[in-house]
$ cat structure-v4.pdb   # PDB, C-alpha atoms
ATOM      1  CA  ASP A 239       0.000   0.000   0.000
ATOM      2  CA  ASP A 240       1.067   3.665   0.271
ATOM      3  CA  ASN A 241       2.890   2.819   3.499
ATOM      4  CA  GLY A 242       4.935   0.101   1.805
ATOM      5  CA  CYS A 243       3.157  -2.749   3.502
ATOM      6  CA  VAL A 244       2.764  -5.988   1.530
ATOM      7  CA  SER A 245      -0.029  -8.456   2.058
ATOM      8  CA  SER A 246       0.382 -12.186   2.357
ATOM      9  CA  PRO A 247       0.005 -13.917  -1.035
ATOM     10  CA  VAL A 248      -3.419 -15.352  -1.897
ATOM     11  CA  SER A 249      -3.860 -18.100  -4.516
ATOM     12  CA  VAL A 250      -6.873 -18.672  -6.720
ATOM     13  CA  GLU A 251      -7.341 -21.817  -8.793
ATOM     14  CA  VAL A 252      -8.789 -21.146 -12.238
ATOM     15  CA  GLU A 253     -10.319 -24.161 -14.046
ATOM     16  CA  ILE A 254     -10.352 -23.960 -17.832
ATOM     17  CA  SER A 255     -11.503 -26.678 -20.180
ATOM     18  CA  ASP A 256     -11.242 -26.611 -23.935
ATOM     19  CA  ALA A 257     -14.415 -26.826 -26.016
ATOM     20  CA  ILE A 258     -14.987 -30.223 -27.620
ATOM     21  CA  GLN A 259     -14.848 -30.673 -31.329
ATOM     22  CA  THR A 260     -18.104 -30.561 -33.283
ATOM     23  CA  PRO A 261     -19.297 -34.124 -33.853
ATOM     24  CA  VAL A 262     -19.490 -35.404 -37.424
ATOM     25  CA  ILE A 263     -22.112 -37.950 -38.541
ATOM     26  CA  SER A 264     -21.356 -40.736 -41.015
ATOM     27  CA  SER A 265     -23.798 -43.256 -42.447
ATOM     28  CA  THR A 266     -23.892 -46.714 -43.972
ATOM     29  CA  GLY A 267     -25.491 -44.917 -46.926
ATOM     30  CA  PRO A 268     -28.874 -44.575 -48.615
ATOM     31  CA  VAL A 269     -31.176 -47.518 -47.979
ATOM     32  CA  CYS A 270     -34.353 -49.013 -49.428
ATOM     33  CA  GLU A 271     -37.483 -48.969 -47.290
ATOM     34  CA  GLY A 272     -37.604 -52.031 -45.094
ATOM     35  CA  GLY A 273     -33.805 -52.119 -44.826
ATOM     36  CA  GLU A 274     -31.381 -50.899 -42.147
ATOM     37  CA  PHE A 275     -29.129 -47.895 -41.795
ATOM     38  CA  ILE A 276     -26.577 -47.008 -39.120
ATOM     39  CA  LEU A 277     -25.541 -43.454 -38.248
ATOM     40  CA  SER A 278     -22.230 -43.072 -36.402
ATOM     41  CA  ALA A 279     -20.900 -40.014 -34.560
ATOM     42  CA  SER A 280     -17.297 -39.022 -33.873
ATOM     43  CA  SER A 281     -15.819 -40.805 -30.861
ATOM     44  CA  TYR A 282     -14.573 -38.833 -27.818
ATOM     45  CA  PRO A 283     -12.120 -39.906 -25.106
ATOM     46  CA  GLY A 284     -13.273 -40.412 -21.544
ATOM     47  CA  ASN A 285     -15.741 -42.504 -19.623
ATOM     48  CA  ASN A 286     -18.553 -39.996 -19.325
ATOM     49  CA  VAL A 287     -19.563 -39.226 -22.902
ATOM     50  CA  ASN A 288     -23.242 -38.966 -23.777
ATOM     51  CA  TYR A 289     -24.798 -38.862 -27.245
ATOM     52  CA  GLU A 290     -28.291 -37.555 -27.943
ATOM     53  CA  TRP A 291     -29.758 -38.280 -31.378
ATOM     54  CA  TYR A 292     -32.418 -36.123 -33.026
ATOM     55  CA  PHE A 293     -34.530 -36.495 -36.174
ATOM     56  CA  GLU A 294     -35.962 -33.307 -37.649
ATOM     57  CA  GLY A 295     -35.321 -31.672 -34.266
ATOM     58  CA  ASN A 296     -37.157 -34.361 -32.277
ATOM     59  CA  PHE A 297     -35.375 -36.539 -29.723
ATOM     60  CA  VAL A 298     -34.823 -40.142 -30.836
ATOM     61  CA  SER A 299     -32.450 -41.826 -28.365
ATOM     62  CA  SER A 300     -29.391 -41.243 -26.203
ATOM     63  CA  GLY A 301     -26.305 -42.953 -24.828
ATOM     64  CA  ASN A 302     -24.655 -44.520 -27.861
ATOM     65  CA  SER A 303     -22.384 -43.152 -30.565
ATOM     66  CA  GLN A 304     -24.370 -45.180 -33.123
ATOM     67  CA  LEU A 305     -28.010 -44.913 -34.109
ATOM     68  CA  ILE A 306     -29.305 -48.157 -35.667
ATOM     69  CA  LEU A 307     -32.729 -48.159 -37.310
ATOM     70  CA  ASP A 308     -34.172 -51.388 -38.688
ATOM     71  CA  PRO A 309     -36.515 -51.788 -40.491
ATOM     72  CA  VAL A 310     -36.846 -48.281 -41.876
ATOM     73  CA  SER A 311     -39.809 -46.589 -43.526
ATOM     74  CA  LEU A 312     -40.021 -43.666 -45.918
ATOM     75  CA  ALA A 313     -40.997 -41.481 -42.955
ATOM     76  CA  MET A 314     -37.466 -41.988 -41.571
ATOM     77  CA  SER A 315     -35.878 -40.208 -44.522
ATOM     78  CA  GLY A 316     -34.682 -36.716 -43.512
ATOM     79  CA  ASN A 317     -32.295 -34.715 -41.318
ATOM     80  CA  TYR A 318     -30.528 -36.212 -38.302
ATOM     81  CA  SER A 319     -28.247 -34.543 -35.754
ATOM     82  CA  VAL A 320     -26.384 -35.602 -32.617
ATOM     83  CA  LYS A 321     -25.480 -33.659 -29.487
ATOM     84  CA  VAL A 322     -22.403 -34.817 -27.547
ATOM     85  CA  THR A 323     -21.831 -33.972 -23.890
ATOM     86  CA  THR A 324     -18.525 -34.694 -22.167
ATOM     87  CA  GLN A 325     -16.324 -33.013 -19.529
ATOM     88  CA  GLY A 326     -19.051 -30.462 -18.882
ATOM     89  CA  CYS A 327     -19.056 -29.297 -22.524
ATOM     90  CA  GLU A 328     -21.467 -30.029 -25.309
ATOM     91  CA  ALA A 329     -21.453 -29.693 -29.092
ATOM     92  CA  THR A 330     -24.054 -30.413 -31.761
ATOM     93  CA  SER A 331     -23.346 -31.751 -35.232
ATOM     94  CA  ALA A 332     -24.490 -30.275 -38.497
ATOM     95  CA  LEU A 333     -27.638 -31.799 -39.978
ATOM     96  CA  PHE A 334     -27.100 -35.041 -41.863
ATOM     97  CA  ASN A 335     -29.597 -35.974 -44.569
ATOM     98  CA  GLN A 336     -30.324 -39.701 -44.533
ATOM     99  CA  ILE A 337     -32.029 -40.998 -47.684
ATOM    100  CA  VAL A 338     -34.598 -43.820 -47.674
ATOM    101  CA  TYR A 339     -35.635 -44.946 -51.181
ATOM    102  CA  PRO A 340     -39.161 -46.208 -51.901
ATOM    103  CA  ASN A 341     -39.497 -49.778 -53.133
ATOM    104  CA  PRO A 342     -41.095 -50.334 -56.537
ATOM    105  CA  GLU A 343     -44.516 -51.991 -56.610
ATOM    106  CA  ALA A 344     -45.170 -54.721 -59.178
ATOM    107  CA  SER A 345     -48.387 -56.181 -60.558
ATOM    108  CA  ILE A 346     -49.312 -58.521 -63.434
ATOM    109  CA  ASN A 347     -52.215 -57.871 -65.780
ATOM    110  CA  SER A 348     -54.884 -60.558 -65.547
ATOM    111  CA  ILE A 349     -54.852 -63.304 -68.176
ATOM    112  CA  ASN A 350     -57.972 -65.084 -69.426
ATOM    113  CA  PRO A 351     -57.980 -68.888 -69.239
ATOM    114  CA  LEU A 352     -56.808 -70.630 -72.393
ATOM    115  CA  LEU A 353     -59.087 -73.641 -72.767
ATOM    116  CA  CYS A 354     -58.941 -76.480 -75.278
ATOM    117  CA  THR A 355     -55.858 -75.088 -76.956
ATOM    118  CA  ASP A 356     -54.341 -76.757 -79.967
ATOM    119  CA  GLY A 357     -50.856 -75.651 -78.889
ATOM    120  CA  THR A 358     -50.467 -72.837 -81.396
ATOM    121  CA  GLN A 359     -51.646 -69.871 -79.305
ATOM    122  CA  THR A 360     -49.405 -67.263 -77.693
ATOM    123  CA  ILE A 361     -49.914 -65.901 -74.167
ATOM    124  CA  ASN A 362     -48.594 -62.397 -73.574
ATOM    125  CA  LEU A 363     -47.558 -61.505 -70.031
ATOM    126  CA  SER A 364     -47.676 -57.849 -69.081
ATOM    127  CA  ALA A 365     -46.074 -56.116 -66.080
ATOM    128  CA  ASN A 366     -47.088 -52.923 -64.293
ATOM    129  CA  VAL A 367     -44.749 -50.958 -62.037
ATOM    130  CA  SER A 368     -45.169 -47.928 -59.808
ATOM    131  CA  ASN A 369     -42.883 -46.099 -57.370
ATOM    132  CA  GLY A 370     -39.150 -46.637 -57.346
ATOM    133  CA  GLN A 371     -36.667 -45.210 -59.831
ATOM    134  CA  ALA A 372     -36.325 -46.136 -63.519
ATOM    135  CA  PRO A 373     -34.789 -47.974 -65.233
ATOM    136  CA  TYR A 374     -36.386 -51.143 -63.911
ATOM    137  CA  PHE A 375     -35.147 -54.721 -64.079
ATOM    138  CA  TYR A 376     -37.711 -57.530 -64.391
ATOM    139  CA  ASN A 377     -37.507 -61.078 -63.088
ATOM    140  CA  TRP A 378     -40.276 -63.475 -64.186
ATOM    141  CA  GLN A 379     -40.458 -66.996 -62.808
ATOM    142  CA  SER A 380     -43.033 -69.755 -62.840
ATOM    143  CA  SER A 381     -43.811 -73.010 -61.089
ATOM    144  CA  ASN A 382     -43.339 -74.728 -64.478
ATOM    145  CA  GLY A 383     -39.767 -73.462 -64.975
ATOM    146  CA  PHE A 384     -40.517 -70.400 -67.107
ATOM    147  CA  ASN A 385     -38.251 -67.365 -66.619
ATOM    148  CA  ALA A 386     -37.748 -64.079 -68.429
ATOM    149  CA  ASN A 387     -36.220 -60.639 -67.891
ATOM    150  CA  THR A 388     -38.333 -58.399 -70.114
ATOM    151  CA  PRO A 389     -41.388 -56.320 -69.118
ATOM    152  CA  ASN A 390     -43.815 -58.163 -71.413
ATOM    153  CA  PRO A 391     -42.583 -61.661 -72.266
ATOM    154  CA  ALA A 392     -44.571 -64.072 -74.449
ATOM    155  CA  ILE A 393     -45.293 -67.789 -74.042
ATOM    156  CA  GLN A 394     -45.201 -69.261 -77.524
ATOM    157  CA  ASN A 395     -47.191 -72.385 -78.498
ATOM    158  CA  ALA A 396     -48.846 -72.504 -75.077
ATOM    159  CA  ASN A 397     -50.174 -75.807 -73.799
ATOM    160  CA  MET A 398     -51.183 -77.347 -70.500
ATOM    161  CA  GLY A 399     -47.528 -77.663 -69.489
ATOM    162  CA  ASN A 400     -47.358 -73.875 -69.319
ATOM    163  CA  ALA A 401     -50.218 -73.627 -66.814
ATOM    164  CA  GLY A 402     -49.472 -72.552 -63.249
ATOM    165  CA  TYR A 403     -48.507 -69.579 -61.127
ATOM    166  CA  TYR A 404     -46.323 -66.834 -62.605
ATOM    167  CA  TYR A 405     -44.313 -64.548 -60.313
ATOM    168  CA  LEU A 406     -42.765 -61.148 -60.980
ATOM    169  CA  THR A 407     -40.278 -59.123 -58.952
ATOM    170  CA  ILE A 408     -38.950 -55.754 -60.081
ATOM    171  CA  THR A 409     -35.674 -54.113 -59.053
ATOM    172  CA  ASP A 410     -35.198 -50.390 -59.658
ATOM    173  CA  ALA A 411     -32.150 -48.236 -60.398
ATOM    174  CA  ASN A 412     -31.485 -47.802 -56.652
ATOM    175  CA  GLY A 413     -31.325 -51.573 -56.123
ATOM    176  CA  CYS A 414     -34.676 -51.647 -54.308
ATOM    177  CA  GLU A 415     -36.826 -54.729 -54.926
ATOM    178  CA  SER A 416     -40.593 -55.070 -55.055
ATOM    179  CA  LEU A 417     -42.614 -57.687 -53.249
ATOM    180  CA  PRO A 418     -43.427 -60.589 -55.612
ATOM    181  CA  ALA A 419     -46.575 -60.220 -57.706
ATOM    182  CA  GLN A 420     -48.295 -63.397 -58.825
ATOM    183  CA  ASN A 421     -50.940 -64.514 -61.305
ATOM    184  CA  GLN A 422     -52.311 -67.934 -62.154
ATOM    185  CA  ILE A 423     -52.698 -68.993 -65.785
ATOM    186  CA  GLU A 424     -55.230 -71.724 -66.516
ATOM    187  CA  ILE A 425     -54.562 -73.757 -69.673
ATOM    188  CA  THR A 426     -56.182 -76.955 -70.891
ATOM    189  CA  ASP A 427     -55.209 -78.878 -74.016
ATOM    190  CA  GLY A 428     -57.746 -79.648 -76.708
ATOM    191  CA  ILE A 429     -58.682 -83.265 -77.434
ATOM    192  CA  SER A 430     -57.724 -85.195 -80.535
ATOM    193  CA  GLN A 431     -60.168 -85.364 -83.423
ATOM    194  CA  PRO A 432     -62.443 -88.428 -83.080
ATOM    195  CA  GLN A 433     -62.055 -91.071 -85.805
ATOM    196  CA  ILE A 434     -65.204 -92.995 -86.748
ATOM    197  CA  THR A 435     -65.066 -96.702 -87.521
ATOM    198  CA  SER A 436     -67.906 -98.866 -88.819
ATOM    199  CA  THR A 437     -68.945-102.516 -88.877
ATOM    200  CA  GLY A 438     -69.030-102.106 -92.644
ATOM    201  CA  ALA A 439     -71.513-101.795 -95.455
ATOM    202  CA  VAL A 440     -74.943-103.306 -94.753
ATOM    203  CA  CYS A 441     -78.128-103.948 -96.628
ATOM    204  CA  GLU A 442     -81.173-101.812 -96.028
ATOM    205  CA  GLY A 443     -82.932-102.819 -92.828
ATOM    206  CA  GLU A 444     -79.846-104.311 -91.232
ATOM    207  CA  PRO A 445     -78.108-102.756 -88.193
ATOM    208  CA  VAL A 446     -74.870-100.827 -88.468
ATOM    209  CA  ILE A 447     -72.528 -99.827 -85.643
ATOM    210  CA  LEU A 448     -70.424 -96.684 -85.806
ATOM    211  CA  GLU A 449     -67.996 -96.004 -83.015
ATOM    212  CA  VAL A 450     -65.034 -93.908 -81.941
ATOM    213  CA  GLU A 451     -62.315 -94.727 -79.466
ATOM    214  CA  PRO A 452     -63.432 -93.813 -75.953
ATOM    215  CA  TYR A 453     -62.216 -90.607 -74.305
ATOM    216  CA  PHE A 454     -61.365 -90.874 -70.629
ATOM    217  CA  GLY A 455     -62.580 -88.448 -67.965
ATOM    218  CA  PHE A 456     -65.562 -87.673 -65.777
ATOM    219  CA  GLU A 457     -67.575 -85.495 -68.151
ATOM    220  CA  VAL A 458     -67.267 -87.050 -71.593
ATOM    221  CA  GLU A 459     -70.192 -86.459 -73.951
ATOM    222  CA  TYR A 460     -70.717 -87.813 -77.458
ATOM    223  CA  GLU A 461     -73.076 -86.197 -79.958
ATOM    224  CA  TRP A 462     -73.800 -88.036 -83.198
ATOM    225  CA  PHE A 463     -74.987 -86.355 -86.368
ATOM    226  CA  HIS A 464     -76.366 -87.587 -89.686
ATOM    227  CA  ASN A 465     -76.036 -85.145 -92.533
ATOM    228  CA  GLY A 466     -75.629 -82.398 -89.958
ATOM    229  CA  ASN A 467     -78.699 -83.384 -87.961
ATOM    230  CA  PRO A 468     -78.344 -84.694 -84.406
ATOM    231  CA  ILE A 469     -79.052 -88.352 -83.681
ATOM    232  CA  ASN A 470     -80.451 -89.277 -80.258
ATOM    233  CA  ASN A 471     -77.562 -91.480 -79.235
ATOM    234  CA  ASN A 472     -74.919 -90.659 -76.621
ATOM    235  CA  GLY A 473     -72.763 -93.726 -76.912
ATOM    236  CA  HIS A 474     -69.220 -93.732 -78.248
TER     237      HIS A 474
END

$ encode --input "structure-v4.pdb" --output "structure tokens"
Amino acid sequence: DDNGCVSSPVSVEVEISDAIQTPVISSTGPVCEGGEFILSASSYPGNNVNYEWYFEGNFVSSGNSQLILDPVSLAMSGNYSVKVTTQGCEATSALFNQIVYPNPEASINSINPLLCTDGTQTINLSANVSNGQAPYFYNWQSSNGFNANTPNPAIQNANMGNAGYYYLTITDANGCESLPAQNQIEITDGISQPQITSTGAVCEGEPVILEVEPYFGFEVEYEWFHNGNPINNNGH
């Protein structure tokens, strides 16, 4: 002081901690709906580090440096952020835009039954697709071994062996796959032309027997005609 007196020294402890680095979010990448994505935040040293995850500003979860979402929907596509707290300091990441792609939707146009075919007809399959991203890749399969990779494949010379269920899955440019669409095709083969045999020429007033080889099944009907007019006889 002015008299030259000096006080005893007094010590003060000043605690200073550096700000933590801003966390950075990384991702496993864009994902198709129904899949999984993982967001990861920067790691920080220490035993008392807390992570709080937010989607579009709304709290999602806390505690872990990774956010795992599985399965994901289109509603989960958008901006994510993470707030890290450690050593009494906190920092919030920039927004990270996570993309969720829509899956394509596949359908097959209905196909009328092909009955009593002679094996020369063609059946045209036709695909419909919505959602997803063009170009599309088509995968046709059938219970009878049929497969094709075009939007509208044809079944040439269709017969009963081509009957069955046909399935279609579509993959889009983002690698997203549709649920399988299915359609049943009903096909029956025609019967062979009946060949008439006779007991031979007869004199007027004598009986004659005309017959064809029998056809097997539960609903076999025979209609006989004479000069285009029906005869009341249902035998073979």

$ closest_residue --input "structure-v4.pdb" --among "A:Cys354, A:Leu363, A:Cys414, A:Ile393" --to "Phe375 of chain A" --atoms "only C-alpha atoms"
A:Cys414

$ resolve_selection --input "structure-v4.pdb" --expression "the PyMOL selection byres ((chain A and resi 420) around 10)" --output "list in words"
Ala344, Ser345, Ile346, Asn347, Ser348, Trp378, Gln379, Ser380, Tyr403, Tyr404, Tyr405, Leu406, Thr407, Leu417, Pro418, Ala419, Asn421, Gln422 and Ile423 of chain A

$ residues_around --input "structure-v4.pdb" --residues "Ile276 of chain A" --least-positions-apart "4" --cutoff "6 Å" --atoms "all atoms listed in the file" --output "PDB file with C-alpha atoms, keeping the file's coordinate frame"
ATOM      1  CA  SER A 265     -23.798 -43.256 -42.447  1.00  0.00           C
ATOM      2  CA  THR A 266     -23.892 -46.714 -43.972  1.00  0.00           C
ATOM      3  CA  LEU A 305     -28.010 -44.913 -34.109  1.00  0.00           C
ATOM      4  CA  ILE A 306     -29.305 -48.157 -35.667  1.00  0.00           C
TER       5      ILE A 306
END

$ atom_distance --input "structure-v4.pdb" --atom1 "atom CA of Ala257 of chain A" --atom2 "atom CA of Thr323 of chain A"
10.5 Å

$ closest_residue --input "structure-v4.pdb" --among "A:Gly272, A:Gly455, A:Pro351, A:Pro389" --to "Val367 of chain A" --atoms "only C-alpha atoms"
A:Pro389

$ atom_distance --input "structure-v4.pdb" --atom1 "atom CA of Ser278 of chain A" --atom2 "atom CA of Gln325 of chain A"
20.5 Å

$ closest_residue --input "structure-v4.pdb" --among "A:Asn285, A:Asn296, A:Pro445, A:Ala329" --to "Ile258 of chain A" --atoms "only C-alpha atoms"
A:Ala329

$ closest_residue --input "structure-v4.pdb" --among "A:Phe384, A:Tyr460, A:Phe275, A:Trp291" --to "Tyr318 of chain A" --atoms "all atoms listed in the file"
A:Trp291

$ closest_residue --input "structure-v4.pdb" --among "A:Ile408, A:Ala313, A:Ile425, A:Ala439" --to "Gln359 of chain A" --atoms "all atoms listed in the file"
A:Ile425

$ resolve_selection --input "structure-v4.pdb" --expression "the PyMOL selection byres ((chain A and resi 370) around 12)" --output "mmCIF file with C-alpha atoms, keeping the file's coordinate frame"
data_model
loop_
_atom_site.group_PDB
_atom_site.id
_atom_site.type_symbol
_atom_site.label_atom_id
_atom_site.label_comp_id
_atom_site.auth_asym_id
_atom_site.auth_seq_id
_atom_site.Cartn_x
_atom_site.Cartn_y
_atom_site.Cartn_z
ATOM 1 C CA CYS A 270 -34.353 -49.013 -49.428
ATOM 2 C CA GLU A 271 -37.483 -48.969 -47.290
ATOM 3 C CA LEU A 312 -40.021 -43.666 -45.918
ATOM 4 C CA VAL A 338 -34.598 -43.820 -47.674
ATOM 5 C CA TYR A 339 -35.635 -44.946 -51.181
ATOM 6 C CA PRO A 340 -39.161 -46.208 -51.901
ATOM 7 C CA ASN A 341 -39.497 -49.778 -53.133
ATOM 8 C CA PRO A 342 -41.095 -50.334 -56.537
ATOM 9 C CA GLU A 343 -44.516 -51.991 -56.610
ATOM 10 C CA ALA A 344 -45.170 -54.721 -59.178
ATOM 11 C CA VAL A 367 -44.749 -50.958 -62.037
ATOM 12 C CA SER A 368 -45.169 -47.928 -59.808
ATOM 13 C CA ASN A 369 -42.883 -46.099 -57.370
ATOM 14 C CA GLN A 371 -36.667 -45.210 -59.831
ATOM 15 C CA ALA A 372 -36.325 -46.136 -63.519
ATOM 16 C CA PRO A 373 -34.789 -47.974 -65.233
ATOM 17 C CA TYR A 374 -36.386 -51.143 -63.911
ATOM 18 C CA PHE A 375 -35.147 -54.721 -64.079
ATOM 19 C CA ILE A 408 -38.950 -55.754 -60.081
ATOM 20 C CA THR A 409 -35.674 -54.113 -59.053
ATOM 21 C CA ASP A 410 -35.198 -50.390 -59.658
ATOM 22 C CA ALA A 411 -32.150 -48.236 -60.398
ATOM 23 C CA ASN A 412 -31.485 -47.802 -56.652
ATOM 24 C CA GLY A 413 -31.325 -51.573 -56.123
ATOM 25 C CA CYS A 414 -34.676 -51.647 -54.308
ATOM 26 C CA GLU A 415 -36.826 -54.729 -54.926
ATOM 27 C CA SER A 416 -40.593 -55.070 -55.055
#

$ resolve_selection --input "structure-v4.pdb" --expression "the PyMOL selection byres ((chain A and resi 308) around 7)" --output "count of residues only"
7

$ closest_residue --input "structure-v4.pdb" --among "A:Gln431, A:Ser249, A:Asn465, A:Thr437" --to "Pro452 of chain A" --atoms "only C-alpha atoms"
A:Gln431

$ atom_distance --input "structure-v4.pdb" --atom1 "atom CA of Gly326 of chain A" --atom2 "atom CA of Phe293 of chain A"
24.0 Å

$ residues_around --input "structure-v4.pdb" --residues "segment 330-333 of chain A" --least-positions-apart "4" --cutoff "10 Å" --atoms "all atoms listed in the file" --output "PDB file with C-alpha atoms, in the frame of the given file"
ATOM      1  CA  ILE A 258     -14.987 -30.223 -27.620  1.00  0.00           C
ATOM      2  CA  GLN A 259     -14.848 -30.673 -31.329  1.00  0.00           C
ATOM      3  CA  THR A 260     -18.104 -30.561 -33.283  1.00  0.00           C
ATOM      4  CA  PRO A 261     -19.297 -34.124 -33.853  1.00  0.00           C
ATOM      5  CA  VAL A 262     -19.490 -35.404 -37.424  1.00  0.00           C
ATOM      6  CA  ILE A 263     -22.112 -37.950 -38.541  1.00  0.00           C
ATOM      7  CA  ALA A 279     -20.900 -40.014 -34.560  1.00  0.00           C
ATOM      8  CA  SER A 280     -17.297 -39.022 -33.873  1.00  0.00           C
ATOM      9  CA  TYR A 289     -24.798 -38.862 -27.245  1.00  0.00           C
ATOM     10  CA  GLU A 290     -28.291 -37.555 -27.943  1.00  0.00           C
ATOM     11  CA  TRP A 291     -29.758 -38.280 -31.378  1.00  0.00           C
ATOM     12  CA  TYR A 292     -32.418 -36.123 -33.026  1.00  0.00           C
ATOM     13  CA  PHE A 293     -34.530 -36.495 -36.174  1.00  0.00           C
ATOM     14  CA  GLU A 294     -35.962 -33.307 -37.649  1.00  0.00           C
ATOM     15  CA  GLY A 295     -35.321 -31.672 -34.266  1.00  0.00           C
ATOM     16  CA  GLY A 316     -34.682 -36.716 -43.512  1.00  0.00           C
ATOM     17  CA  ASN A 317     -32.295 -34.715 -41.318  1.00  0.00           C
ATOM     18  CA  TYR A 318     -30.528 -36.212 -38.302  1.00  0.00           C
ATOM     19  CA  SER A 319     -28.247 -34.543 -35.754  1.00  0.00           C
ATOM     20  CA  VAL A 320     -26.384 -35.602 -32.617  1.00  0.00           C
ATOM     21  CA  LYS A 321     -25.480 -33.659 -29.487  1.00  0.00           C
ATOM     22  CA  VAL A 322     -22.403 -34.817 -27.547  1.00  0.00           C
ATOM     23  CA  THR A 323     -21.831 -33.972 -23.890  1.00  0.00           C
TER      24      THR A 323
END

$ axis_aligned_box --input "structure-v4.pdb" --around "segment 331-341 of chain A" --padding-each-side "3 Å" --output "JSON"
{"center_x": -31.4, "center_y": -40.0, "center_z": -44.2, "size_x": 22.2, "size_y": 25.5, "size_z": 23.9}

$ build_atoms --input "structure-v4.pdb" --residues "segment 463-469 of chain A" --atoms "all heavy atoms" --output "PDB file, in the frame of the given file"
ATOM      1  N   PHE A 463     -74.239 -87.114 -85.376  1.00  0.00           N
ATOM      2  CA  PHE A 463     -74.987 -86.355 -86.368  1.00  0.00           C
ATOM      3  C   PHE A 463     -75.077 -87.151 -87.666  1.00  0.00           C
ATOM      4  O   PHE A 463     -74.141 -87.887 -88.043  1.00  0.00           O
ATOM      5  CB  PHE A 463     -74.298 -85.006 -86.649  1.00  0.00           C
ATOM      6  CG  PHE A 463     -74.243 -84.090 -85.452  1.00  0.00           C
ATOM      7  CD1 PHE A 463     -73.229 -84.221 -84.507  1.00  0.00           C
ATOM      8  CD2 PHE A 463     -75.200 -83.098 -85.276  1.00  0.00           C
ATOM      9  CE1 PHE A 463     -73.172 -83.391 -83.406  1.00  0.00           C
ATOM     10  CE2 PHE A 463     -75.150 -82.259 -84.177  1.00  0.00           C
ATOM     11  CZ  PHE A 463     -74.133 -82.394 -83.237  1.00  0.00           C
ATOM     12  N   HIS A 464     -76.184 -86.997 -88.359  1.00  0.00           N
ATOM     13  CA  HIS A 464     -76.366 -87.587 -89.686  1.00  0.00           C
ATOM     14  C   HIS A 464     -76.737 -86.475 -90.647  1.00  0.00           C
ATOM     15  O   HIS A 464     -77.773 -85.816 -90.481  1.00  0.00           O
ATOM     16  CB  HIS A 464     -77.469 -88.654 -89.667  1.00  0.00           C
ATOM     17  CG  HIS A 464     -77.768 -89.203 -91.019  1.00  0.00           C
ATOM     18  ND1 HIS A 464     -79.036 -89.190 -91.578  1.00  0.00           N
ATOM     19  CD2 HIS A 464     -76.959 -89.810 -91.960  1.00  0.00           C
ATOM     20  CE1 HIS A 464     -79.012 -89.729 -92.767  1.00  0.00           C
ATOM     21  NE2 HIS A 464     -77.746 -90.130 -93.018  1.00  0.00           N
ATOM     22  N   ASN A 465     -75.851 -86.251 -91.594  1.00  0.00           N
ATOM     23  CA  ASN A 465     -76.036 -85.145 -92.533  1.00  0.00           C
ATOM     24  C   ASN A 465     -76.270 -83.816 -91.814  1.00  0.00           C
ATOM     25  O   ASN A 465     -77.107 -83.001 -92.223  1.00  0.00           O
ATOM     26  CB  ASN A 465     -77.198 -85.447 -93.491  1.00  0.00           C
ATOM     27  CG  ASN A 465     -76.880 -86.583 -94.435  1.00  0.00           C
ATOM     28  OD1 ASN A 465     -75.713 -86.819 -94.776  1.00  0.00           O
ATOM     29  ND2 ASN A 465     -77.913 -87.305 -94.871  1.00  0.00           N
ATOM     30  N   GLY A 466     -75.553 -83.651 -90.704  1.00  0.00           N
ATOM     31  CA  GLY A 466     -75.629 -82.398 -89.958  1.00  0.00           C
ATOM     32  C   GLY A 466     -76.742 -82.334 -88.947  1.00  0.00           C
ATOM     33  O   GLY A 466     -76.839 -81.362 -88.190  1.00  0.00           O
ATOM     34  N   ASN A 467     -77.584 -83.368 -88.907  1.00  0.00           N
ATOM     35  CA  ASN A 467     -78.699 -83.384 -87.961  1.00  0.00           C
ATOM     36  C   ASN A 467     -78.374 -84.311 -86.793  1.00  0.00           C
ATOM     37  O   ASN A 467     -77.836 -85.419 -87.006  1.00  0.00           O
ATOM     38  CB  ASN A 467     -79.973 -83.863 -88.658  1.00  0.00           C
ATOM     39  CG  ASN A 467     -80.367 -82.942 -89.792  1.00  0.00           C
ATOM     40  OD1 ASN A 467     -80.431 -81.721 -89.633  1.00  0.00           O
ATOM     41  ND2 ASN A 467     -80.622 -83.544 -90.968  1.00  0.00           N
ATOM     42  N   PRO A 468     -78.688 -83.876 -85.579  1.00  0.00           N
ATOM     43  CA  PRO A 468     -78.344 -84.694 -84.406  1.00  0.00           C
ATOM     44  C   PRO A 468     -79.116 -85.996 -84.370  1.00  0.00           C
ATOM     45  O   PRO A 468     -80.271 -86.077 -84.801  1.00  0.00           O
ATOM     46  CB  PRO A 468     -78.690 -83.782 -83.226  1.00  0.00           C
ATOM     47  CG  PRO A 468     -79.694 -82.825 -83.759  1.00  0.00           C
ATOM     48  CD  PRO A 468     -79.353 -82.618 -85.207  1.00  0.00           C
ATOM     49  N   ILE A 469     -78.457 -87.035 -83.887  1.00  0.00           N
ATOM     50  CA  ILE A 469     -79.052 -88.352 -83.681  1.00  0.00           C
ATOM     51  C   ILE A 469     -79.143 -88.571 -82.176  1.00  0.00           C
ATOM     52  O   ILE A 469     -78.178 -88.303 -81.437  1.00  0.00           O
ATOM     53  CB  ILE A 469     -78.215 -89.462 -84.329  1.00  0.00           C
ATOM     54  CG1 ILE A 469     -78.062 -89.212 -85.829  1.00  0.00           C
ATOM     55  CG2 ILE A 469     -78.814 -90.834 -84.063  1.00  0.00           C
ATOM     56  CD1 ILE A 469     -77.110 -90.195 -86.486  1.00  0.00           C
TER      57      ILE A 469
END
